[in-house]
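The structure appears right after this line, and notes come after that.
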Amino acid sequence: MNDYTGLNTAANKAATPRLQLYISRVVLLGALTASTLSFSDVYKTVDEQGQVSFGDQPSAKATEIVIEATNTTPATQTRQTTDSEPQAPDYRSLAISAPSNNTIIPNGLVPFWVTVSVQPKLLEGHQLQLLVDDQVIASTSATRIQVPSLSRGQHYLQLRINDLAGRPLKHSKKVVLFAYRP
């Protein structure tokens with residue numbers, strides 16, 4: 001004798017996706033049928049007291065109302081905007097003006113200044129970052145940045161412009177420095 005009461009049989013597991021597909025098709029067909037039935041005829045009836053009523057069943061005094069298509073307008077393309085920041089400018093140039101490439105810093109213990117050249121001017125909220133040997137040592141909007149000290153040896157300076165979200169927009173070429181110590 002077969003026992004069909006078990007819900008977790010292999011046959012039931014295999015039938016489940018087919019049953020779900022069948023049910024979804026029946027529901028879709030029912031929804032489509034219901035939507036077409038909603039566009040049935042409309043009738044207007046005026047009784048002896050002058051009361052106006054509308055319905056979908058015709059009567060002896062009813063007149064059929066023709067409902068014309070609704071006015072529609074095609075969708076328009078909208079421009080997506082973000083409130084976070086305006087369009088980033090195209091920074092044409094970003095460079096270290098001073099010190100120049102292959103400069104010798106006679107005493108790496110003494111702070112020195114890096115002068116920045118950027119065109120066009122930084123947008124409000126954008127930041128300049130000074131990197132020494134690929135490590136950020138300063139973030140500012142100023143065009144002069146002080147380097148506190150350097151250890152003895154060869155170092156690379158580079159600038160980077162970041163937007164409001166901290167994303168890099170432009171990098172300068174690297175400048176090589178040689179720092180001495182007394």
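Letters A, B, ... mark the chains of the structure tokens in the order given; residue numbers begin at 1 per chain; ligand numbers begin at 1, in order shown.
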DSSP-assigned strand (DSSP E) members of segment 71-142 of chain A, reported as a ChimeraX atom specification: /A:93-98,103-105,112-119,127-132,135-140
For C-alpha atoms, I'd like the residues from the last selection saved as a JSON list (two decimals), in the first residue's frame.
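Wrote it out as again_36.json, contents follow:
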```
[["chain", "number", "residue", "atom", "x", "y", "z"],
["A", 93, "SER", "CA", 46.83, 71.67, -14.48],
["A", 94, "LEU", "CA", 48.07, 70.60, -11.09],
["A", 95, "ALA", "CA", 51.76, 70.95, -10.30],
["A", 96, "ILE", "CA", 54.30, 71.53, -7.56],
["A", 97, "SER", "CA", 55.84, 74.94, -8.33],
["A", 98, "ALA", "CA", 58.41, 74.79, -5.57],
["A", 103, "THR", "CA", 66.08, 69.84, -5.26],
["A", 104, "ILE", "CA", 68.39, 69.21, -2.32],
["A", 105, "ILE", "CA", 67.00, 70.00, 1.11],
["A", 112, "PHE", "CA", 60.02, 73.79, 4.29],
["A", 113, "TRP", "CA", 57.15, 74.97, 2.07],
["A", 114, "VAL", "CA", 55.62, 73.36, -1.02],
["A", 115, "THR", "CA", 53.97, 75.80, -3.45],
["A", 116, "VAL", "CA", 51.04, 74.52, -5.52],
["A", 117, "SER", "CA", 49.84, 75.59, -8.95],
["A", 118, "VAL", "CA", 46.26, 74.55, -9.85],
["A", 119, "GLN", "CA", 44.08, 75.71, -12.77],
["A", 127, "GLN", "CA", 40.82, 69.38, -1.10],
["A", 128, "LEU", "CA", 44.47, 69.32, -2.07],
["A", 129, "GLN", "CA", 46.48, 66.50, -0.56],
["A", 130, "LEU", "CA", 50.24, 66.48, -0.36],
["A", 131, "LEU", "CA", 51.80, 63.05, -0.50],
["A", 132, "VAL", "CA", 55.37, 62.32, 0.55],
["A", 135, "GLN", "CA", 51.71, 58.86, 2.17],
["A", 136, "VAL", "CA", 49.29, 61.77, 2.77],
["A", 137, "ILE", "CA", 50.89, 64.30, 5.09],
["A", 138, "ALA", "CA", 48.48, 67.25, 4.57],
["A", 139, "SER", "CA", 44.94, 67.96, 3.32],
["A", 140, "THR", "CA", 44.07, 71.58, 2.67]]
```
DSSP-assigned alpha helix (DSSP H) among chain A, expressed as a ChimeraX atom specification: /A:10-37
Output of the above residues as an mmCIF file, in the first residue's frame, restricted to N, CA and C atoms:
```
data_model
loop_
_atom_site.group_PDB
_atom_site.id
_atom_site.type_symbol
_atom_site.label_atom_id
_atom_site.label_comp_id
_atom_site.auth_asym_id
_atom_site.auth_seq_id
_atom_site.Cartn_x
_atom_site.Cartn_y
_atom_site.Cartn_z
ATOM 1 N N ALA A 10 10.306 12.717 -2.611
ATOM 2 C CA ALA A 10 11.029 13.196 -3.787
ATOM 3 C C ALA A 10 10.053 13.654 -4.864
ATOM 4 N N ALA A 11 8.927 12.952 -5.026
ATOM 5 C CA ALA A 11 7.940 13.335 -6.044
ATOM 6 C C ALA A 11 7.329 14.691 -5.721
ATOM 7 N N ASN A 12 7.033 14.934 -4.445
ATOM 8 C CA ASN A 12 6.463 16.234 -4.053
ATOM 9 C C ASN A 12 7.474 17.353 -4.252
ATOM 10 N N LYS A 13 8.728 17.109 -3.951
ATOM 11 C CA LYS A 13 9.760 18.128 -4.145
ATOM 12 C C LYS A 13 9.926 18.473 -5.609
ATOM 13 N N ALA A 14 9.832 17.496 -6.487
ATOM 14 C CA ALA A 14 9.955 17.736 -7.925
ATOM 15 C C ALA A 14 8.719 18.443 -8.460
ATOM 16 N N ALA A 15 7.548 18.160 -7.897
ATOM 17 C CA ALA A 15 6.306 18.752 -8.381
ATOM 18 C C ALA A 15 6.150 20.194 -7.912
ATOM 19 N N THR A 16 6.792 20.577 -6.823
ATOM 20 C CA THR A 16 6.618 21.911 -6.261
ATOM 21 C C THR A 16 6.943 23.028 -7.245
ATOM 22 N N PRO A 17 8.070 23.050 -7.953
ATOM 23 C CA PRO A 17 8.316 24.130 -8.912
ATOM 24 C C PRO A 17 7.281 24.159 -10.034
ATOM 25 N N ARG A 18 6.843 22.985 -10.504
ATOM 26 C CA ARG A 18 5.827 22.948 -11.552
ATOM 27 C C ARG A 18 4.499 23.487 -11.041
ATOM 28 N N LEU A 19 4.160 23.155 -9.808
ATOM 29 C CA LEU A 19 2.922 23.647 -9.208
ATOM 30 C C LEU A 19 2.972 25.162 -9.030
ATOM 31 N N GLN A 20 4.113 25.671 -8.591
ATOM 32 C CA GLN A 20 4.254 27.120 -8.431
ATOM 33 C C GLN A 20 4.128 27.830 -9.776
ATOM 34 N N LEU A 21 4.695 27.278 -10.819
ATOM 35 C CA LEU A 21 4.586 27.856 -12.151
ATOM 36 C C LEU A 21 3.131 27.842 -12.618
ATOM 37 N N TYR A 22 2.430 26.734 -12.381
ATOM 38 C CA TYR A 22 1.025 26.630 -12.763
ATOM 39 C C TYR A 22 0.186 27.663 -12.022
ATOM 40 N N ILE A 23 0.401 27.798 -10.727
ATOM 41 C CA ILE A 23 -0.366 28.765 -9.930
ATOM 42 C C ILE A 23 -0.095 30.181 -10.391
ATOM 43 N N SER A 24 1.165 30.498 -10.665
ATOM 44 C CA SER A 24 1.479 31.857 -11.113
ATOM 45 C C SER A 24 0.835 32.156 -12.460
ATOM 46 N N ARG A 25 0.753 31.173 -13.334
ATOM 47 C CA ARG A 25 0.096 31.378 -14.631
ATOM 48 C C ARG A 25 -1.412 31.585 -14.461
ATOM 49 N N VAL A 26 -2.039 30.821 -13.565
ATOM 50 C CA VAL A 26 -3.469 30.973 -13.314
ATOM 51 C C VAL A 26 -3.752 32.359 -12.735
ATOM 52 N N VAL A 27 -2.941 32.800 -11.804
ATOM 53 C CA VAL A 27 -3.129 34.128 -11.207
ATOM 54 C C VAL A 27 -2.953 35.210 -12.267
ATOM 55 N N LEU A 28 -1.940 35.109 -13.113
ATOM 56 C CA LEU A 28 -1.716 36.084 -14.182
ATOM 57 C C LEU A 28 -2.896 36.112 -15.153
ATOM 58 N N LEU A 29 -3.389 34.960 -15.534
ATOM 59 C CA LEU A 29 -4.534 34.884 -16.435
ATOM 60 C C LEU A 29 -5.765 35.516 -15.791
ATOM 61 N N GLY A 30 -5.985 35.264 -14.511
ATOM 62 C CA GLY A 30 -7.113 35.869 -13.799
ATOM 63 C C GLY A 30 -6.995 37.378 -13.734
ATOM 64 N N ALA A 31 -5.800 37.887 -13.502
ATOM 65 C CA ALA A 31 -5.597 39.336 -13.446
ATOM 66 C C ALA A 31 -5.853 39.967 -14.808
ATOM 67 N N LEU A 32 -5.399 39.341 -15.862
ATOM 68 C CA LEU A 32 -5.634 39.875 -17.207
ATOM 69 C C LEU A 32 -7.123 39.861 -17.553
ATOM 70 N N THR A 33 -7.808 38.797 -17.179
ATOM 71 C CA THR A 33 -9.245 38.709 -17.446
ATOM 72 C C THR A 33 -9.997 39.781 -16.668
ATOM 73 N N ALA A 34 -9.658 39.973 -15.412
ATOM 74 C CA ALA A 34 -10.331 40.975 -14.589
ATOM 75 C C ALA A 34 -10.096 42.369 -15.134
ATOM 76 N N SER A 35 -8.885 42.639 -15.656
ATOM 77 C CA SER A 35 -8.607 43.976 -16.176
ATOM 78 C C SER A 35 -9.389 44.248 -17.451
ATOM 79 N N THR A 36 -9.640 43.225 -18.277
ATOM 80 C CA THR A 36 -10.428 43.457 -19.492
ATOM 81 C C THR A 36 -11.902 43.600 -19.163
ATOM 82 N N LEU A 37 -12.367 42.931 -18.119
ATOM 83 C CA LEU A 37 -13.771 43.054 -17.731
ATOM 84 C C LEU A 37 -14.077 44.425 -17.148
#
```
For atom CA of Arg92 of chain A and atom CA of Tyr156 of chain A, the interatomic separation in Å (one decimal):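 Between these atoms lies a distance of 22.1 Å.
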Residues within 10 Å of Lys44 of chain A, please, as a PDB file with N, CA and C atoms, in the first residue's frame. Count only C-alpha atoms; anything in the same chain fewer than 6 positions from it doesn't count.
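Wrote result.pdb, looks like this:
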```pdb
ATOM      1  N   VAL A  52     -30.014  60.923 -11.394  1.00  0.00           N
ATOM      2  CA  VAL A  52     -29.162  60.307 -12.407  1.00  0.00           C
ATOM      3  C   VAL A  52     -28.354  59.205 -11.741  1.00  0.00           C
ATOM      4  N   SER A  53     -28.325  58.055 -12.399  1.00  0.00           N
ATOM      5  CA  SER A  53     -27.488  56.967 -11.901  1.00  0.00           C
ATOM      6  C   SER A  53     -26.763  56.327 -13.079  1.00  0.00           C
ATOM      7  N   PHE A  54     -25.629  55.758 -12.767  1.00  0.00           N
ATOM      8  CA  PHE A  54     -24.808  55.087 -13.777  1.00  0.00           C
ATOM      9  C   PHE A  54     -24.635  53.640 -13.361  1.00  0.00           C
ATOM     10  N   GLY A  55     -24.523  52.749 -14.337  1.00  0.00           N
ATOM     11  CA  GLY A  55     -24.329  51.345 -14.028  1.00  0.00           C
ATOM     12  C   GLY A  55     -23.832  50.594 -15.242  1.00  0.00           C
ATOM     13  N   ASP A  56     -23.573  49.311 -15.028  1.00  0.00           N
ATOM     14  CA  ASP A  56     -23.089  48.489 -16.133  1.00  0.00           C
ATOM     15  C   ASP A  56     -24.181  47.568 -16.677  1.00  0.00           C
ATOM     16  N   GLN A  57     -25.410  47.693 -16.148  1.00  0.00           N
ATOM     17  CA  GLN A  57     -26.545  46.902 -16.623  1.00  0.00           C
ATOM     18  C   GLN A  57     -27.525  47.821 -17.338  1.00  0.00           C
ATOM     19  N   PRO A  58     -27.871  47.501 -18.587  1.00  0.00           N
ATOM     20  CA  PRO A  58     -28.835  48.351 -19.298  1.00  0.00           C
ATOM     21  C   PRO A  58     -30.258  48.149 -18.761  1.00  0.00           C
ATOM     22  N   SER A  59     -31.032  49.237 -18.788  1.00  0.00           N
ATOM     23  CA  SER A  59     -32.458  49.151 -18.443  1.00  0.00           C
ATOM     24  C   SER A  59     -33.246  49.760 -19.597  1.00  0.00           C
ATOM     25  N   LYS A  61     -34.901  52.578 -19.825  1.00  0.00           N
ATOM     26  CA  LYS A  61     -34.693  54.014 -20.014  1.00  0.00           C
ATOM     27  C   LYS A  61     -33.205  54.390 -20.086  1.00  0.00           C
ATOM     28  N   ALA A  62     -32.332  53.434 -20.087  1.00  0.00           N
ATOM     29  CA  ALA A  62     -30.890  53.704 -20.039  1.00  0.00           C
ATOM     30  C   ALA A  62     -30.352  54.086 -21.412  1.00  0.00           C
ATOM     31  N   THR A  63     -29.376  54.993 -21.372  1.00  0.00           N
ATOM     32  CA  THR A  63     -28.649  55.332 -22.598  1.00  0.00           C
ATOM     33  C   THR A  63     -27.188  54.951 -22.398  1.00  0.00           C
ATOM     34  N   GLU A  64     -26.598  54.416 -23.425  1.00  0.00           N
ATOM     35  CA  GLU A  64     -25.201  53.988 -23.310  1.00  0.00           C
ATOM     36  C   GLU A  64     -24.284  55.210 -23.372  1.00  0.00           C
ATOM     37  N   ILE A  65     -23.322  55.248 -22.487  1.00  0.00           N
ATOM     38  CA  ILE A  65     -22.334  56.328 -22.441  1.00  0.00           C
ATOM     39  C   ILE A  65     -21.069  55.820 -23.126  1.00  0.00           C
TER      40      ILE A  65
END
```
Nearby residues (only C-alpha atoms) at most 9 Å from Gln154 of chain A, same-chain spacing under 6 positions excluded, as a PyMOL selection string: chain A and resi 176-179
With C-alpha atoms retained, could you export that selection as a compact mmCIF listing (two decimals), in the first residue's frame?
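File again-v3.txt, as written:
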```
# COMPACT_ATOMS: atom_id res chain seq x y z
CA VAL A 176 62.09 64.13 -6.47
CA LEU A 177 63.84 65.65 -3.41
CA PHE A 178 67.04 64.75 -1.62
CA ALA A 179 67.17 65.51 2.10
```
Atomic distance atom CA of Asn162 of chain A - atom CA of Arg144 of chain A, expressed in Å with one decimal: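 Rounded to one decimal, the two atoms are 16.7 Å apart.
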Nearest-residue call for Asp90 of chain A, choices A:Leu123, A:Ala60, A:Val66, A:Val42, using only C-alpha atoms: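 Comparing A:Leu123, A:Ala60, A:Val66, A:Val42 against Asp90 of chain A, the winner is A:Leu123.
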Surrounding residues of Gly125 of chain A excluding itself and chain neighbours under 5 positions, 10 Å, only C-alpha atoms, as a PyMOL selection string: chain A and resi 85+140-141+162-166
Go ahead and dump the residues you just picked, N, CA and C atoms, as a short mmCIF file (atom, residue, chain, number, x, y, z; two decimals), in the first residue's frame.
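Done, and the output landed in again25.cif:
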```cif
data_model
loop_
_atom_site.label_atom_id
_atom_site.label_comp_id
_atom_site.auth_asym_id
_atom_site.auth_seq_id
_atom_site.Cartn_x
_atom_site.Cartn_y
_atom_site.Cartn_z
N GLU A 85 26.80 67.48 -4.98
CA GLU A 85 27.78 68.46 -5.42
C GLU A 85 27.56 68.83 -6.87
N THR A 140 44.37 70.17 2.51
CA THR A 140 44.07 71.58 2.67
C THR A 140 43.48 72.13 1.37
N SER A 141 42.99 73.38 1.45
CA SER A 141 42.58 74.07 0.23
C SER A 141 43.57 75.19 -0.09
N ASN A 162 40.99 65.97 -4.35
CA ASN A 162 39.87 65.08 -4.02
C ASN A 162 38.57 65.89 -4.02
N ASP A 163 37.46 65.24 -4.42
CA ASP A 163 36.16 65.90 -4.39
C ASP A 163 35.56 65.83 -2.99
N LEU A 164 34.30 66.27 -2.86
CA LEU A 164 33.64 66.30 -1.55
C LEU A 164 33.55 64.93 -0.90
N ALA A 165 33.42 63.89 -1.70
CA ALA A 165 33.30 62.53 -1.18
C ALA A 165 34.66 61.88 -0.94
N GLY A 166 35.76 62.61 -1.21
CA GLY A 166 37.09 62.06 -1.02
C GLY A 166 37.63 61.28 -2.21
#
```
Atom CA of Glu124 of chain A to atom CA of Leu157 of chain A, distance in Å rounded to a single decimal: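 A separation of 24.1 Å between them.
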